[in-house]
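Novice: My questions will all concern the structure given below.
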Amino acid sequence: MKDRTKLLLFIIVFAVLYFAPLHSVNIKNAILEAFFMVQEYAREHVLFCLIPAFFIAGAISIFISKEAVIKYFGARAKKIIAYSVASVSGSILAVCSCTVLPMFAGLYTHGAGIGPATAFLYSGPAINVLAIILTARVLGYEMGIARAVGAVAFSIIIGLLMSVFFPDKKTADQELVTGESTGASRSLAQNAVYFLVLVLILVFAAWGKPEEPVGVWNAVYSVHWYIVALLLAVLAVMLFFWFRKRELADWVFSTWTFTKQILPLLFAGVLIAGFLLGRPNTDAGIIPSRFVAMLVGGNSFFANFFASIAGAFMYFATLTEVPILQGLLGSGMGKGPALALLLAGPALSLPNMLVIRSIMGMKKTAVFIFLVVILSTMVGWLYGALFS
């Protein structure tokens, strides 16, 4: 960090500490709410979402050759394969905007092109089958279908536009890629089973409790910890028989590298988001929720734009966006702004933005956020005009 930037941060922190009316009840409540939100985040997301995701990111970095990543997701990869895989990944990974970050970091730093990598970054939290089904049941089938179609289309469009704005460099090494890994102690099939088990551990460990205690989703929820225990036992057997000690040590080190890079920024972002907006449905942040509801009524372009911006900065845990929107719609929110928030909110958050910036830089992060917000605004406005 440059000295000029450090000086600016020191000045801002000093000004806040000097002038902030800390004796105000609202300020005290917002500060307390920020720590409540961090505690809730730590209890509900770190152990069962982020830690499995960090181990997957570490495994991508160590056990998938850079040549293979470049071959299938790099600058010279076949676009139909790269974007097809990236755009539907969220149907498998029921993750939030923060949990997807370690896996995105693993792919991007390991040679994936900016287009497929950002398509995966958007689709991971946005195309969640359970969330889309819940959206259709609670908010209507039109909204559910619009969310599903919009999320898949967005991931591809955003990825393609990012690749146009920031073309990947095609080096001589990339042109000679064969996709073969060297020195591995396992076959391709064994690696595939290993990664499948890691992904399934993440999926079932993060399985949310359905609102209604009936149906397939609830049946899976009632036994999901047994499934996780079985998968962990299978993983332990694979690690013992298929992996060398040195490989396991490298995997742990790579996982720790991603953890120390990402986790502090996530906690800082959650703390700030909690102070500004509070936890969902608490109205305890410094910005009253009634202001948000007041600004997203009707179907004006501004209402859709504000909903996209609000959604982009708010933090939504997996599935929480649906009951929040149900309450906002009851308070007068328009259908268009509701869809705009659904398309921007799960894929972005303030903690998510801070981490993305540390991975791919300020300029690319700003363009990614801009594309998500503008596309969400335009589609929300069009949807509102057709179905309001």
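Following the order of the structure tokens, first chain is A, next is B, and so on, with residues numbered from 1 inside each chain and ligands from 1 in the order they appear.
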What's around Leu341 of chain A at 7 Å? Count only C-alpha atoms, leave out sequence neighbours fewer than 5 positions away in its own chain, and write the answer as a list in words.

Specialist: Ala307, Ser308 and Gly311 of chain A

Novice: Which residues are near segment 135-147 of chain A? Cut-off 7 Å, only C-alpha atoms, ignore same chain within fewer than 6 positions. Put them as a count of residues only.

Specialist: 4

Novice: For Gly58 of chain A, which residue among A:Ala117, A:Ile272, A:Leu232, A:Val252 is the nearest when counting only C-alpha atoms?

Specialist: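 The answer is A:Val252, which sits nearest to Gly58 of chain A.
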
Novice: Looking at A:Cys49, A:Ala366, A:Ala284, A:Leu239, which one is nearest to Gly208 of chain A, with distances taken over only C-alpha atoms?

Specialist: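 When distances to Gly208 of chain A are compared using only C-alpha atoms, the smallest one comes from A:Cys49.
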
Novice: Need to verify the contact set: segment 196-202 of chain A, 7 Å, only C-alpha atoms, exclusion of same-chain residues closer than 4 positions in sequence. Can you return it as a PyMOL selection string?

Specialist: chain A and resi 49+52-53+56+192+206+228+231+235

Novice: Write the residues of the preceding selection, restricted to N, CA and C atoms, as a PDB file, in the first residue's frame.

Specialist:
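This is the output file part.pdb:
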ATOM      1  N   CYS A  49     -19.413 -23.403   5.420  1.00  0.00           N
ATOM      2  CA  CYS A  49     -19.377 -22.900   4.038  1.00  0.00           C
ATOM      3  C   CYS A  49     -17.966 -22.516   3.624  1.00  0.00           C
ATOM      4  N   PRO A  52     -14.882 -25.443   3.917  1.00  0.00           N
ATOM      5  CA  PRO A  52     -14.861 -26.357   2.770  1.00  0.00           C
ATOM      6  C   PRO A  52     -14.468 -25.667   1.472  1.00  0.00           C
ATOM      7  N   ALA A  53     -14.939 -24.409   1.286  1.00  0.00           N
ATOM      8  CA  ALA A  53     -14.592 -23.677   0.062  1.00  0.00           C
ATOM      9  C   ALA A  53     -13.098 -23.378  -0.003  1.00  0.00           C
ATOM     10  N   ILE A  56     -11.344 -26.476  -1.095  1.00  0.00           N
ATOM     11  CA  ILE A  56     -11.529 -26.696  -2.530  1.00  0.00           C
ATOM     12  C   ILE A  56     -10.600 -25.783  -3.330  1.00  0.00           C
ATOM     13  N   ALA A 192     -11.042 -36.803 -10.126  1.00  0.00           N
ATOM     14  CA  ALA A 192     -12.428 -36.389 -10.312  1.00  0.00           C
ATOM     15  C   ALA A 192     -13.284 -36.790  -9.110  1.00  0.00           C
ATOM     16  N   ALA A 206     -23.581 -27.064   3.909  1.00  0.00           N
ATOM     17  CA  ALA A 206     -24.243 -25.754   3.843  1.00  0.00           C
ATOM     18  C   ALA A 206     -25.741 -25.871   3.567  1.00  0.00           C
ATOM     19  N   VAL A 228     -22.726 -35.816   5.411  1.00  0.00           N
ATOM     20  CA  VAL A 228     -21.426 -35.154   5.544  1.00  0.00           C
ATOM     21  C   VAL A 228     -20.423 -36.066   6.249  1.00  0.00           C
ATOM     22  N   LEU A 231     -19.268 -38.696   3.844  1.00  0.00           N
ATOM     23  CA  LEU A 231     -18.362 -38.117   2.852  1.00  0.00           C
ATOM     24  C   LEU A 231     -16.986 -37.836   3.450  1.00  0.00           C
ATOM     25  N   LEU A 235     -13.473 -39.286   2.244  1.00  0.00           N
ATOM     26  CA  LEU A 235     -12.338 -38.401   1.977  1.00  0.00           C
ATOM     27  C   LEU A 235     -11.102 -38.861   2.742  1.00  0.00           C
TER      28      LEU A 235
END

Novice: Residues near Ile31 of chain A, anyone? I mean within 10 Å using only C-alpha atoms, not counting same-chain ones fewer than 3 positions away, as a PDB file with C-alpha atoms, in the first residue's frame.

Specialist:
ATOM      1  CA  LEU A  22     -20.666   7.889  19.720  1.00  0.00           C
ATOM      2  CA  VAL A  25     -28.254   5.687  20.744  1.00  0.00           C
ATOM      3  CA  ASN A  26     -28.490   4.985  17.002  1.00  0.00           C
ATOM      4  CA  ILE A  27     -24.697   4.888  16.655  1.00  0.00           C
ATOM      5  CA  LYS A  28     -24.350   2.593  19.666  1.00  0.00           C
ATOM      6  CA  ALA A  34     -22.153  -4.771  13.351  1.00  0.00           C
ATOM      7  CA  PHE A  35     -20.605  -7.174  15.862  1.00  0.00           C
ATOM      8  CA  PHE A  36     -23.831  -9.201  16.069  1.00  0.00           C
ATOM      9  CA  LEU A 271     -18.637  -5.523  10.026  1.00  0.00           C
ATOM     10  CA  ILE A 272     -19.171  -2.461   7.815  1.00  0.00           C
ATOM     11  CA  GLY A 274     -23.731  -4.674   9.684  1.00  0.00           C
ATOM     12  CA  PHE A 275     -23.075  -1.118  10.846  1.00  0.00           C
ATOM     13  CA  LEU A 276     -24.697   0.446   7.786  1.00  0.00           C
ATOM     14  CA  GLY A 278     -27.838  -4.283  10.116  1.00  0.00           C
ATOM     15  CA  ALA A 284     -30.799  -1.868  13.509  1.00  0.00           C
ATOM     16  CA  GLY A 285     -28.230  -0.385  11.122  1.00  0.00           C
ATOM     17  CA  ILE A 286     -27.434   3.292  10.831  1.00  0.00           C
TER      18      ILE A 286
END

Novice: Let's see if you can do this: from backbone DSSP, list all alpha helix (DSSP H) residues in segment 64-263 of chain A, as a VMD selection string.

Specialist: chain A and resid 66 to 73 79 to 87 100 to 109 114 to 126 129 to 139 141 to 165 172 to 175 188 to 205 215 to 242 245 to 263

Novice: For Ala105 of chain A, work out the shell of residues within 9 Å, counting only C-alpha atoms and skipping chain neighbours fewer than 3 positions away, then give it as an MDAnalysis selection string.

Specialist: chainID A and resid 57 100:102 108:110 117 258 356 359:360

Novice: Counting only C-alpha atoms, which of A:Val193, A:Leu386, A:Leu325, A:Ala310 gets nearest to Val373 of chain A?

Specialist: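 Ranking A:Val193, A:Leu386, A:Leu325, A:Ala310 by distance to Val373 of chain A, first place goes to A:Ala310.
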
Novice: Can you list, as a short mmCIF file (atom, residue, chain, number, x, y, z; two decimals) with N, CA and C atoms, in the first residue's frame, every protein, DNA or RNA residue that comes within 7 Å of Phe313 of chain A when you count only C-alpha atoms, leaving out same-chain residues fewer than 6 positions away?

Specialist:
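Full text of around.cif as output:
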data_model
loop_
_atom_site.label_atom_id
_atom_site.label_comp_id
_atom_site.auth_asym_id
_atom_site.auth_seq_id
_atom_site.Cartn_x
_atom_site.Cartn_y
_atom_site.Cartn_z
N LEU A 348 -23.37 -10.21 -5.30
CA LEU A 348 -22.46 -9.18 -4.80
C LEU A 348 -22.77 -8.86 -3.34
N SER A 349 -21.80 -8.32 -2.67
CA SER A 349 -21.97 -7.78 -1.32
C SER A 349 -20.72 -6.95 -1.03
N LEU A 350 -20.78 -6.12 -0.02
CA LEU A 350 -19.62 -5.31 0.33
C LEU A 350 -18.40 -6.17 0.68
#

Novice: Could you jot down the atom CA of Asn191 of chain A to atom CA of Lys71 of chain A separation for me, Å, one decimal place?

Specialist: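 It comes out at 17.1 Å.
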
Novice: Which residue out of A:Ala338, A:Val223, A:Ile262, A:Val216 has the minimum interatomic distance to Gly298 of chain A when only C-alpha atoms are used?

Specialist: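 Ranked by minimum distance to Gly298 of chain A, first place goes to A:Ala338.
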
Novice: Write out as a PyMOL selection string each polymer residue whose atoms come within 10 Å of Thr365 of chain A, counting only C-alpha atoms; drop sequence neighbours fewer than 6 positions from it.

Specialist: chain A and resi 118+353-359+371

Novice: May I ask for the distance between atom CA of Phe63 of chain A and atom CA of Val237 of chain A, given in Å to one decimal place?

Specialist: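 Computing it gives 17.3 Å between the two atoms.
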
Novice: Pick the closest to Ile287 of chain A from A:Met314, A:Ala82, A:Tyr194, A:Phe305: which is it, counting only C-alpha atoms?

Specialist: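 Looking at the shortest contact to Ile287 of chain A, the residue is A:Met314.
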